[in-house]
Every structure is written in structure tokens, then in C-alpha cells.
$ cat work_24.tsv   # TSV, C-alpha atoms
chain	number	residue	atom	x	y	z
A	1	MET	CA	71.89	-78.36	95.89
A	2	GLU	CA	72.32	-82.06	95.15
A	3	PHE	CA	69.24	-84.14	95.93
A	4	ARG	CA	70.71	-87.51	94.97
A	5	THR	CA	73.96	-89.40	95.40
A	6	ALA	CA	74.93	-90.23	91.83
A	7	ILE	CA	77.33	-93.10	91.20
A	8	ARG	CA	80.26	-91.74	89.23
A	9	THR	CA	81.74	-94.45	87.03
A	10	PRO	CA	84.80	-93.79	84.86
A	11	GLU	CA	83.86	-92.91	81.29
A	12	ASN	CA	85.20	-94.25	78.00
A	13	LEU	CA	87.51	-96.90	79.40
A	14	GLY	CA	87.46	-98.22	75.85
A	15	ILE	CA	87.76	-101.89	76.81
A	16	MET	CA	84.65	-102.86	74.83
A	17	HIS	CA	83.90	-102.31	71.18
A	18	HIS	CA	80.76	-102.57	69.10
A	19	SER	CA	82.34	-105.35	67.03
A	20	ASP	CA	83.17	-107.45	70.11
A	21	VAL	CA	81.80	-110.89	70.88
A	22	MET	CA	80.22	-111.00	74.35
A	23	THR	CA	78.71	-113.59	76.67
A	24	MET	CA	76.26	-112.75	79.47
A	25	LEU	CA	75.58	-115.13	82.37
A	26	GLY	CA	73.51	-114.63	85.48
A	27	SER	CA	70.25	-113.38	86.93
A	28	CYS	CA	67.32	-111.69	85.20
A	29	PHE	CA	69.32	-108.47	85.06
A	30	THR	CA	71.76	-110.18	82.67
A	31	GLU	CA	68.86	-110.59	80.27
A	32	ASN	CA	67.89	-106.90	80.65
A	33	ILE	CA	71.33	-105.64	79.64
A	34	GLY	CA	71.79	-108.46	77.14
A	35	ALA	CA	68.60	-107.32	75.40
A	36	LYS	CA	70.05	-103.81	75.19
A	37	LEU	CA	73.21	-105.19	73.57
A	38	ARG	CA	71.16	-107.16	71.07
A	39	GLY	CA	69.10	-104.07	70.38
A	40	ALA	CA	72.41	-102.40	69.47
A	41	MET	CA	73.13	-105.27	67.03
A	42	MET	CA	76.00	-106.69	69.07
A	43	ASN	CA	77.11	-110.31	68.92
A	44	VAL	CA	76.06	-111.49	72.38
A	45	GLU	CA	75.18	-114.89	73.86
A	46	ILE	CA	72.76	-114.69	76.81
A	47	ASN	CA	72.38	-117.43	79.43
A	48	PRO	CA	72.74	-120.76	77.57
A	49	PHE	CA	71.42	-122.52	80.69
A	50	GLY	CA	68.74	-119.93	81.35
A	51	THR	CA	68.76	-117.67	84.40
A	52	ILE	CA	71.51	-118.38	86.95
A	53	TYR	CA	71.16	-116.84	90.42
A	54	ASN	CA	73.80	-118.20	92.80
A	55	PRO	CA	77.60	-118.26	92.41
A	56	LEU	CA	78.02	-122.01	92.99
A	57	SER	CA	75.66	-122.79	90.13
A	58	MET	CA	77.43	-120.12	88.08
A	59	ALA	CA	80.80	-121.80	88.56
A	60	SER	CA	79.29	-125.19	87.68
A	61	CYS	CA	77.63	-123.87	84.52
A	62	VAL	CA	80.83	-122.16	83.38
A	63	GLN	CA	82.77	-125.38	83.88
A	64	ARG	CA	80.24	-127.24	81.73
A	65	LEU	CA	80.50	-124.60	79.02
A	66	VAL	CA	84.30	-124.65	79.03
A	67	ASP	CA	84.48	-128.44	78.93
A	68	ALA	CA	81.41	-128.80	76.68
A	69	VAL	CA	79.90	-131.34	79.09
A	70	PRO	CA	76.61	-132.61	77.61
A	71	GLU	CA	73.40	-133.19	79.49
A	72	ARG	CA	72.53	-136.86	79.84
A	73	GLY	CA	69.23	-138.67	79.91
A	74	MET	CA	69.82	-139.64	83.53
A	75	ASP	CA	70.05	-135.93	84.42
A	76	LEU	CA	66.41	-135.35	83.45
A	77	PHE	CA	63.26	-135.93	85.50
A	78	GLN	CA	59.59	-135.54	84.74
A	79	GLY	CA	57.40	-132.92	86.32
A	80	GLY	CA	54.46	-130.85	85.18
A	81	GLY	CA	54.12	-132.88	82.00
A	82	VAL	CA	57.63	-132.05	80.76
A	83	TRP	CA	61.21	-133.24	81.18
A	84	ASN	CA	63.34	-130.99	83.41
A	85	SER	CA	66.97	-130.64	84.43
A	86	PHE	CA	68.19	-129.09	87.68
A	87	ASN	CA	70.93	-127.48	85.56
A	88	PHE	CA	68.58	-125.68	83.13
A	89	HIS	CA	65.76	-123.16	83.28
A	90	SER	CA	62.25	-124.42	82.55
A	91	ARG	CA	62.28	-122.64	79.17
A	92	TYR	CA	64.14	-125.69	77.87
A	93	SER	CA	61.73	-128.25	79.32
A	94	LEU	CA	59.65	-130.13	76.72
A	95	PRO	CA	57.17	-133.06	76.81
A	96	ASP	CA	59.57	-135.19	74.73
A	97	LYS	CA	62.73	-136.35	76.51
A	98	SER	CA	64.89	-136.66	73.39
A	99	ALA	CA	63.86	-133.21	72.17
A	100	THR	CA	64.65	-131.74	75.59
A	101	LEU	CA	68.12	-133.28	75.61
A	102	GLU	CA	68.79	-132.13	72.06
A	103	ARG	CA	67.72	-128.60	72.88
A	104	MET	CA	69.85	-128.41	76.03
A	105	ASN	CA	72.94	-129.90	74.42
A	106	GLU	CA	72.64	-127.59	71.44
A	107	ARG	CA	72.71	-124.63	73.82
A	108	ILE	CA	75.76	-126.03	75.63
A	109	MET	CA	77.69	-126.32	72.37
A	110	GLN	CA	76.56	-122.88	71.21
A	111	GLY	CA	77.63	-121.42	74.55
A	112	HIS	CA	80.99	-123.23	74.44
A	113	ASP	CA	81.81	-121.94	70.95
A	114	HIS	CA	80.64	-118.41	71.74
A	115	LEU	CA	82.54	-118.22	75.04
A	116	GLN	CA	85.71	-119.35	73.30
A	117	ARG	CA	85.39	-116.44	70.86
A	118	SER	CA	84.22	-113.85	73.39
A	119	ASN	CA	86.13	-110.71	74.27
A	120	THR	CA	84.06	-110.06	77.40
A	121	LEU	CA	82.06	-112.18	79.82
A	122	VAL	CA	79.58	-110.34	82.05
A	123	VAL	CA	78.70	-112.31	85.20
A	124	THR	CA	75.70	-111.07	87.19
A	125	LEU	CA	75.26	-112.70	90.60
A	126	GLY	CA	71.85	-112.50	92.25
A	127	THR	CA	71.97	-114.28	95.60
A	128	ALA	CA	74.32	-116.23	97.87
A	129	ILE	CA	71.48	-118.55	98.93
A	130	VAL	CA	71.81	-122.02	97.42
A	131	TYR	CA	69.52	-125.03	97.28
A	132	ARG	CA	70.97	-128.54	97.48
A	133	LEU	CA	69.28	-131.81	96.67
A	134	ALA	CA	68.81	-133.49	100.04
A	135	ALA	CA	69.58	-136.91	98.54
A	136	THR	CA	72.93	-135.96	96.96
A	137	GLY	CA	74.04	-132.56	98.27
A	138	GLU	CA	74.24	-131.28	94.70
A	139	VAL	CA	73.59	-127.54	94.26
A	140	VAL	CA	70.76	-126.98	91.80
A	141	ASN	CA	70.40	-124.10	89.39
A	142	ASN	CA	66.59	-124.33	89.22
A	143	CYS	CA	64.17	-126.12	91.56
A	144	HIS	CA	61.39	-126.51	88.97
A	145	LYS	CA	58.72	-126.34	91.71
A	146	VAL	CA	59.87	-129.65	93.18
A	147	PRO	CA	58.58	-129.93	96.80
A	148	GLN	CA	60.83	-128.03	99.24
A	149	HIS	CA	61.46	-131.04	101.45
A	150	LYS	CA	63.57	-132.44	98.61
A	151	PHE	CA	66.13	-129.67	99.20
A	152	THR	CA	68.26	-128.17	101.91
A	153	ARG	CA	68.70	-124.42	101.80
A	154	GLU	CA	71.72	-122.46	103.00
A	155	MET	CA	73.61	-119.22	102.68
A	156	ALA	CA	76.99	-119.79	101.03
A	157	SER	CA	79.85	-118.29	103.02
A	158	VAL	CA	82.22	-115.64	101.71
A	159	ASP	CA	84.98	-118.26	101.51
A	160	GLU	CA	82.77	-120.69	99.59
A	161	VAL	CA	81.76	-118.03	97.08
A	162	THR	CA	85.33	-116.73	96.76
A	163	ASP	CA	86.70	-120.22	96.12
A	164	ALA	CA	84.00	-120.95	93.52
A	165	LEU	CA	84.59	-117.68	91.67
A	166	LYS	CA	88.36	-118.02	91.89
A	167	GLY	CA	88.24	-121.49	90.33
A	168	MET	CA	85.88	-120.22	87.66
A	169	VAL	CA	88.09	-117.26	86.76
A	170	GLU	CA	91.21	-119.42	86.54
A	171	GLN	CA	89.43	-121.93	84.31
A	172	LEU	CA	88.10	-119.19	82.05
A	173	HIS	CA	91.51	-117.55	81.73
A	174	ALA	CA	93.09	-120.84	80.71
A	175	PHE	CA	90.27	-121.51	78.23
A	176	ASN	CA	90.26	-118.02	76.68
A	177	PRO	CA	93.32	-115.99	77.75
A	178	GLY	CA	92.02	-112.82	76.08
A	179	LEU	CA	88.70	-112.85	77.95
A	180	TYR	CA	87.82	-109.91	80.22
A	181	ILE	CA	85.49	-110.96	83.06
A	182	LEU	CA	83.18	-108.24	84.33
A	183	PHE	CA	81.29	-108.96	87.54
A	184	THR	CA	78.17	-107.23	88.74
A	185	VAL	CA	75.65	-107.83	91.53
A	186	SER	CA	72.05	-107.85	90.39
A	187	PRO	CA	69.91	-104.94	91.63
A	188	ILE	CA	66.91	-107.29	91.76
A	189	ARG	CA	65.99	-107.92	95.40
A	190	HIS	CA	65.32	-111.45	96.64
A	191	ILE	CA	62.78	-110.63	99.35
A	192	ALA	CA	60.93	-113.92	99.89
A	193	ASP	CA	62.96	-114.44	103.08
A	194	GLY	CA	63.01	-110.78	104.12
A	195	LEU	CA	65.10	-107.74	103.32
A	196	GLU	CA	67.63	-108.52	106.07
A	197	LEU	CA	68.62	-111.80	104.44
A	198	ASN	CA	68.68	-110.14	101.03
A	199	SER	CA	71.14	-107.53	102.34
A	200	LEU	CA	73.35	-110.19	103.89
A	201	SER	CA	73.28	-112.24	100.68
A	202	LYS	CA	74.27	-109.27	98.50
A	203	ALA	CA	77.06	-108.40	100.95
A	204	VAL	CA	78.49	-111.93	100.70
A	205	LEU	CA	78.54	-111.65	96.90
A	206	ARG	CA	80.15	-108.21	96.92
A	207	VAL	CA	82.92	-109.15	99.35
A	208	ALA	CA	83.73	-112.35	97.45
A	209	ILE	CA	83.88	-110.51	94.11
A	210	ASP	CA	86.24	-107.94	95.63
A	211	LYS	CA	88.55	-110.68	96.89
A	212	VAL	CA	88.69	-112.32	93.46
A	213	MET	CA	89.28	-109.02	91.67
A	214	LYS	CA	92.21	-108.19	93.94
A	215	GLN	CA	93.81	-111.51	93.02
A	216	TYR	CA	93.19	-111.15	89.27
A	217	PRO	CA	93.20	-107.39	88.59
A	218	ASP	CA	94.44	-107.65	85.01
A	219	PHE	CA	91.39	-109.36	83.53
A	220	THR	CA	88.52	-108.84	85.97
A	221	GLY	CA	86.39	-105.81	86.80
A	222	TYR	CA	83.20	-104.74	88.55
A	223	PHE	CA	80.25	-102.69	87.34
A	224	PRO	CA	78.10	-101.19	90.13
A	225	SER	CA	74.58	-101.96	88.85
A	226	PHE	CA	73.45	-102.86	92.38
A	227	GLU	CA	74.89	-99.65	93.83
A	228	ILE	CA	73.35	-97.51	91.09
A	229	MET	CA	69.93	-98.94	91.88
A	230	MET	CA	70.28	-98.77	95.67
A	231	ASP	CA	72.15	-95.49	96.13
A	232	ASP	CA	71.66	-93.44	92.97
A	233	LEU	CA	68.07	-94.16	91.95
A	234	ARG	CA	66.88	-95.23	95.45
A	235	ASP	CA	63.21	-94.48	94.85
A	236	TYR	CA	60.28	-96.85	94.35
A	237	ARG	CA	59.29	-95.02	91.18
A	238	PHE	CA	62.28	-96.77	89.60
A	239	TYR	CA	60.87	-100.21	90.36
A	240	SER	CA	58.29	-102.18	88.42
A	241	THR	CA	54.91	-102.91	90.01
A	242	ASP	CA	56.30	-105.87	92.02
A	243	MET	CA	58.63	-103.45	93.89
A	244	VAL	CA	61.45	-105.93	93.29
A	245	HIS	CA	62.59	-105.63	89.67
A	246	PRO	CA	63.95	-102.39	88.17
A	247	SER	CA	61.56	-100.52	85.91
A	248	GLU	CA	62.25	-99.95	82.23
A	249	VAL	CA	63.44	-96.45	83.10
A	250	ALA	CA	65.91	-97.83	85.66
A	251	VAL	CA	67.21	-100.47	83.24
A	252	GLU	CA	67.72	-97.81	80.58
A	253	TYR	CA	69.56	-95.57	83.09
A	254	ILE	CA	71.90	-98.40	84.12
A	255	TRP	CA	72.42	-99.38	80.48
A	256	GLN	CA	73.46	-95.81	79.66
A	257	ALA	CA	75.94	-95.87	82.54
A	258	PHE	CA	77.29	-99.24	81.36
A	259	ARG	CA	77.65	-97.99	77.79
A	260	ALA	CA	79.38	-94.76	78.82
A	261	THR	CA	81.80	-96.60	81.11
A	262	TYR	CA	83.16	-99.33	78.87
A	263	PHE	CA	82.69	-98.43	75.20
A	264	ASP	CA	84.90	-96.11	73.22
A	265	ASP	CA	83.42	-93.11	71.36
A	266	PRO	CA	83.16	-94.77	67.91
A	267	SER	CA	81.35	-97.71	69.51
A	268	ILE	CA	78.91	-95.44	71.34
A	269	GLN	CA	78.11	-93.78	68.01
A	270	ALA	CA	77.68	-97.18	66.35
A	271	ILE	CA	75.40	-98.34	69.16
A	272	ALA	CA	73.19	-95.27	68.83
A	273	ARG	CA	72.87	-95.73	65.06
A	274	CYS	CA	72.16	-99.45	65.30
A	275	GLU	CA	69.55	-98.90	68.01
A	276	ARG	CA	67.68	-96.48	65.73
A	277	VAL	CA	67.79	-98.90	62.80
A	278	MET	CA	66.71	-101.82	65.00
A	279	LYS	CA	63.66	-99.85	66.10
A	280	ARG	CA	62.90	-99.15	62.45
A	281	LEU	CA	63.16	-102.87	61.66
A	282	GLN	CA	60.67	-103.63	64.41
A	283	HIS	CA	58.24	-100.93	63.27
A	284	ARG	CA	55.20	-101.86	61.22
A	285	PRO	CA	53.61	-99.04	59.18
A	286	MET	CA	50.01	-98.40	60.21
A	287	SER	CA	48.97	-97.32	56.74
A	288	GLY	CA	46.90	-99.67	54.60
A	289	ASN	CA	48.24	-97.99	51.46
A	290	ARG	CA	50.49	-100.50	49.67
A	291	ASP	CA	52.59	-97.78	48.09
A	292	VAL	CA	53.33	-96.24	51.49
A	293	VAL	CA	54.23	-99.64	52.97
A	294	SER	CA	56.38	-100.54	49.96
A	295	ARG	CA	58.19	-97.21	50.10
A	296	PHE	CA	58.88	-97.63	53.84
A	297	HIS	CA	60.27	-101.12	53.18
A	298	ASP	CA	62.51	-99.94	50.33
A	299	ASP	CA	63.78	-97.01	52.40
A	300	THR	CA	64.52	-99.37	55.30
A	301	VAL	CA	66.45	-101.76	53.03
A	302	ALA	CA	68.56	-98.85	51.81
A	303	VAL	CA	69.26	-97.75	55.38
A	304	VAL	CA	70.21	-101.30	56.36
A	305	ARG	CA	72.54	-101.74	53.38
A	306	ASN	CA	74.33	-98.49	54.22
A	307	LEU	CA	74.70	-99.60	57.83
A	308	VAL	CA	76.12	-103.00	56.84
A	309	ASN	CA	78.58	-101.31	54.48
A	310	GLU	CA	79.85	-99.27	57.42
A	311	TYR	CA	79.72	-102.07	60.00
A	312	PRO	CA	80.10	-105.35	58.04
A	313	TYR	CA	80.11	-107.50	61.19
A	314	ILE	CA	76.40	-106.80	61.83
A	315	ALA	CA	75.44	-108.72	58.67
A	316	GLU	CA	74.89	-111.83	60.81
A	317	VAL	CA	72.30	-110.15	63.06
A	318	LYS	CA	69.04	-112.07	62.63
A	319	GLU	CA	66.91	-109.03	61.81
A	320	ILE	CA	69.48	-107.79	59.31
A	321	LYS	CA	69.74	-111.17	57.58
A	322	ASN	CA	65.94	-111.42	57.36
A	323	MET	CA	65.61	-107.94	55.89
A	324	LEU	CA	68.33	-108.44	53.27
A	325	SER	CA	67.15	-111.94	52.30
A	326	ASP	CA	63.60	-110.64	51.71
A	327	SER	CA	64.74	-107.69	49.60
$ encode --input "work_24.tsv" --output "C-alpha cells"
Amino acid sequence: MEFRTAIRTPENLGIMHHSDVMTMLGSCFTENIGAKLRGAMMNVEINPFGTIYNPLSMASCVQRLVDAVPERGMDLFQGGGVWNSFNFHSRYSLPDKSATLERMNERIMQGHDHLQRSNTLVVTLGTAIVYRLAATGEVVNNCHKVPQHKFTREMASVDEVTDALKGMVEQLHAFNPGLYILFTVSPIRHIADGLELNSLSKAVLRVAIDKVMKQYPDFTGYFPSFEIMMDDLRDYRFYSTDMVHPSEVAVEYIWQAFRATYFDDPSIQAIARCERVMKRLQHRPMSGNRDVVSRFHDDTVAVVRNLVNEYPYIAEVKEIKNMLSDS
């Protein structure tokens, strides 16, 4: 008997390769899968603006990356002892205004260059609910704990989301004609306003994505991370303690499904090998014996050199560069 409804995704589509350049944009789930890709020593750029939740902000951020539009001093405001931007996550906010601008604009240029070279862009949408500045009507990417009366809050319609994503896809295709755009809906539940509104929000995103994919079938796709979480795993043991975010086990399960769906067999083998070596690089021997520690280091250097000989493109991975420069 079957006691679960497993999501069956096609296997080995072969549209992604271990040597590919990838960009990941979107909600927290983007960072989960992006971390898995980095752990496999892949060349991936993750959220230059920080976490992006809604599709209107997503389209705006993509436009800024494509056009390399810098942040300006007038875009920043003070709050909590730091300088903030409604376009960026608080991880970029610093006490010094010039340093904040420099940091944000550096990420824009890095994201622009990386997106131009990318083979795949993964877009993870989290919610159709948007916040607008009451004074200007501008959709913000992050509220930075500014008082709620400064914003109006609304659910974007299917047409609004479809139009935003359609414009984004067309702009991306013109900017990088070889780019494959893979959409997914985040399995993370936005429950502050209730589960009913969360369900409606996710439905808006899913319908809009489907409309866009039907119009651009040659270079867009959809990965069912939301459906895997809701219909395949569908048990609170697969959530973290907040009952909102997927647990590590759930993230690993979805990552395995992602890997099996899109990567060819040689890439899957390369990913597995690189994951093992990355774990070795992050391991610190517990022994206080210098000879043991030295031998572990020398063995690791040899393993790394062999791996780089086989996959030369991983030589730019930070951990690899650090290991080889120290040896």
C-alpha cells in the first residue's frame, strides 16, 4: 500500500550541468537550495538584494540588475542606527551611509555580471502580498520595521503578477538569450494573516507562473517545491520548530528531487564528489597531535588537487582557493 502521494518529477532532463553559472533570486527557500549548490562547488550567485518575497519586487530587482541601476544616496533612510534601503535586505544596512551605498552598489554590479553569464536563473516567489509606501505608492522589497501606517498592504491580482513576470521574462531573454528561467513557489508559509490568505496568495503566484510559462515555453520551467512540501511530505515532522519553514530533512529531500530532475548523470556524480570534499574542507580534526593534523591537511590538499584536475572550473571556489593558497 502507498501511504503518501509522492510528486513524480521527470528525471535527468539534463538541462543543468555542474559547470554551469547560476543565479538564484527569491525567498528564504532560494537561500536553502543556493546553499546546497554552493556546497556542491557550483558557481552560483544568491540574492544580490537579499531575500525577495513578492513578484512585483522581483521584477523591479531584476530590472535593476539587467540595467545595472545603482542605489543613490537619496534612496537611503536612517533607522535603528543604520542606513537602510527599501530595495535591500537589512544585511546590507550599515551605520555609515557611504559604506552602505558602496556595499549595495557592489552587489548590484556583481549580480549584473553574474546574471549576464548565467545559464540558469531560479526564481522563487513567496507571496503575492505587497507593501506600498503610502506617500509614493512604490512597492517595497523590505519594510525594515518602519511603522505600518507608512504603508498600504494589498494582494496583487493574477493579472498584475502575470504582467510583472511577463515583462521580467522578456527583459531577461533580451539581456541573456541563452538563459533558462526556472520558477518555483516557496514552500515556506506566510501565516501572519492566516492560512486562508496564505493559500490564496500561493494560488495567485501559481496561476500567474503557469500563464507566463505557456507564453514562453522554450526558456521557462517550473519546479514543484511547494507541491512537494504540501502534498508529498505533508507532515509537521518535516517542518522546523516554527511550523512554517521546512526542516533540514525536508530541504535535503527537495534538493535531491531538484538534482535528480535537472542535472545529467555526470553532473550528479560531480555534485556528490564535490559535496564530500566540501565537508572534508569544513572538518577540523579533533586530535591535538600535530602529526595527525598535518597528515589530514596534506591528504586533503591531495584530494583537492585531484578534484581540480578533473573539474578545473571549481578552482575559483573560495574554499578551494584558500586550501591551495595555504598549501
$ closest_residue --input "work_24.tsv" --among "A:Gly39, A:Gly34, A:Gly126, A:Pro95" --to "Phe77 of chain A" --atoms "all atoms listed in the file"
A:Pro95
$ residues_near_point --input "work_24.tsv" --point "(73.1, -131.8, 75.9)" --cutoff "6 Å" --atoms "all atoms listed in the file" --output "PyMOL selection string"
chain A and resi 70-71+101-102+104-105
$ closest_residue --input "work_24.tsv" --among "A:Ser118, A:Ser199, A:Ser60, A:Thr261" --to "Asn176 of chain A" --atoms "all atoms listed in the file"
A:Ser118
$ atom_distance --input "work_24.tsv" --atom1 "atom CA of Phe238 of chain A" --atom2 "atom CA of Met41 of chain A"
26.4 Å
$ residues_around --input "work_24.tsv" --residues "Met213 of chain A" --least-positions-apart "6" --cutoff "10 Å" --atoms "all atoms listed in the file" --output "PDB file with C-alpha atoms, in the coordinates of the input"
ATOM      1  CA  LEU A 165      84.590-117.680  91.670  1.00  0.00           C
ATOM      2  CA  LYS A 166      88.360-118.020  91.890  1.00  0.00           C
ATOM      3  CA  VAL A 169      88.090-117.260  86.760  1.00  0.00           C
ATOM      4  CA  ILE A 181      85.490-110.960  83.060  1.00  0.00           C
ATOM      5  CA  LEU A 182      83.180-108.240  84.330  1.00  0.00           C
ATOM      6  CA  PHE A 183      81.290-108.960  87.540  1.00  0.00           C
ATOM      7  CA  VAL A 207      82.920-109.150  99.350  1.00  0.00           C
ATOM      8  CA  PHE A 219      91.390-109.360  83.530  1.00  0.00           C
ATOM      9  CA  THR A 220      88.520-108.840  85.970  1.00  0.00           C
ATOM     10  CA  GLY A 221      86.390-105.810  86.800  1.00  0.00           C
ATOM     11  CA  TYR A 222      83.200-104.740  88.550  1.00  0.00           C
TER      12      TYR A 222
END
$ closest_residue --input "work_24.tsv" --among "A:Asn141, A:Ala203, A:Arg91, A:Asp96" --to "Gln78 of chain A" --atoms "only C-alpha atoms"
A:Asp96
$ closest_residue --input "work_24.tsv" --among "A:Thr162, A:Ser201, A:Asn32, A:Gln256" --to "Gln215 of chain A" --atoms "all atoms listed in the file"
A:Thr162
$ atom_distance --input "work_24.tsv" --atom1 "atom CA of Thr300 of chain A" --atom2 "atom CA of Val44 of chain A"
23.9 Å
$ residues_near_point --input "work_24.tsv" --point "(69.9, -124.6, 98.1)" --cutoff "12 Å" --atoms "all atoms listed in the file" --output "PyMOL selection string"
chain A and resi 53-57+86+127-134+136-143+148-156
$ atom_distance --input "work_24.tsv" --atom1 "atom CA of Val303 of chain A" --atom2 "atom CA of Arg290 of chain A"
19.8 Å
$ residues_around --input "work_24.tsv" --residues "His297 of chain A" --least-positions-apart "5" --cutoff "10 Å" --atoms "all atoms listed in the file" --output "PyMOL selection string"
chain A and resi 280-281+284-285+291-292+302-303+323+327
$ closest_residue --input "work_24.tsv" --among "A:Phe226, A:Arg103, A:Ser90, A:Met42" --to "Arg72 of chain A" --atoms "all atoms listed in the file"
A:Arg103
$ closest_residue --input "work_24.tsv" --among "A:Arg305, A:Lys97, A:Arg64, A:Arg4" --to "Met109 of chain A" --atoms "only C-alpha atoms"
A:Arg64
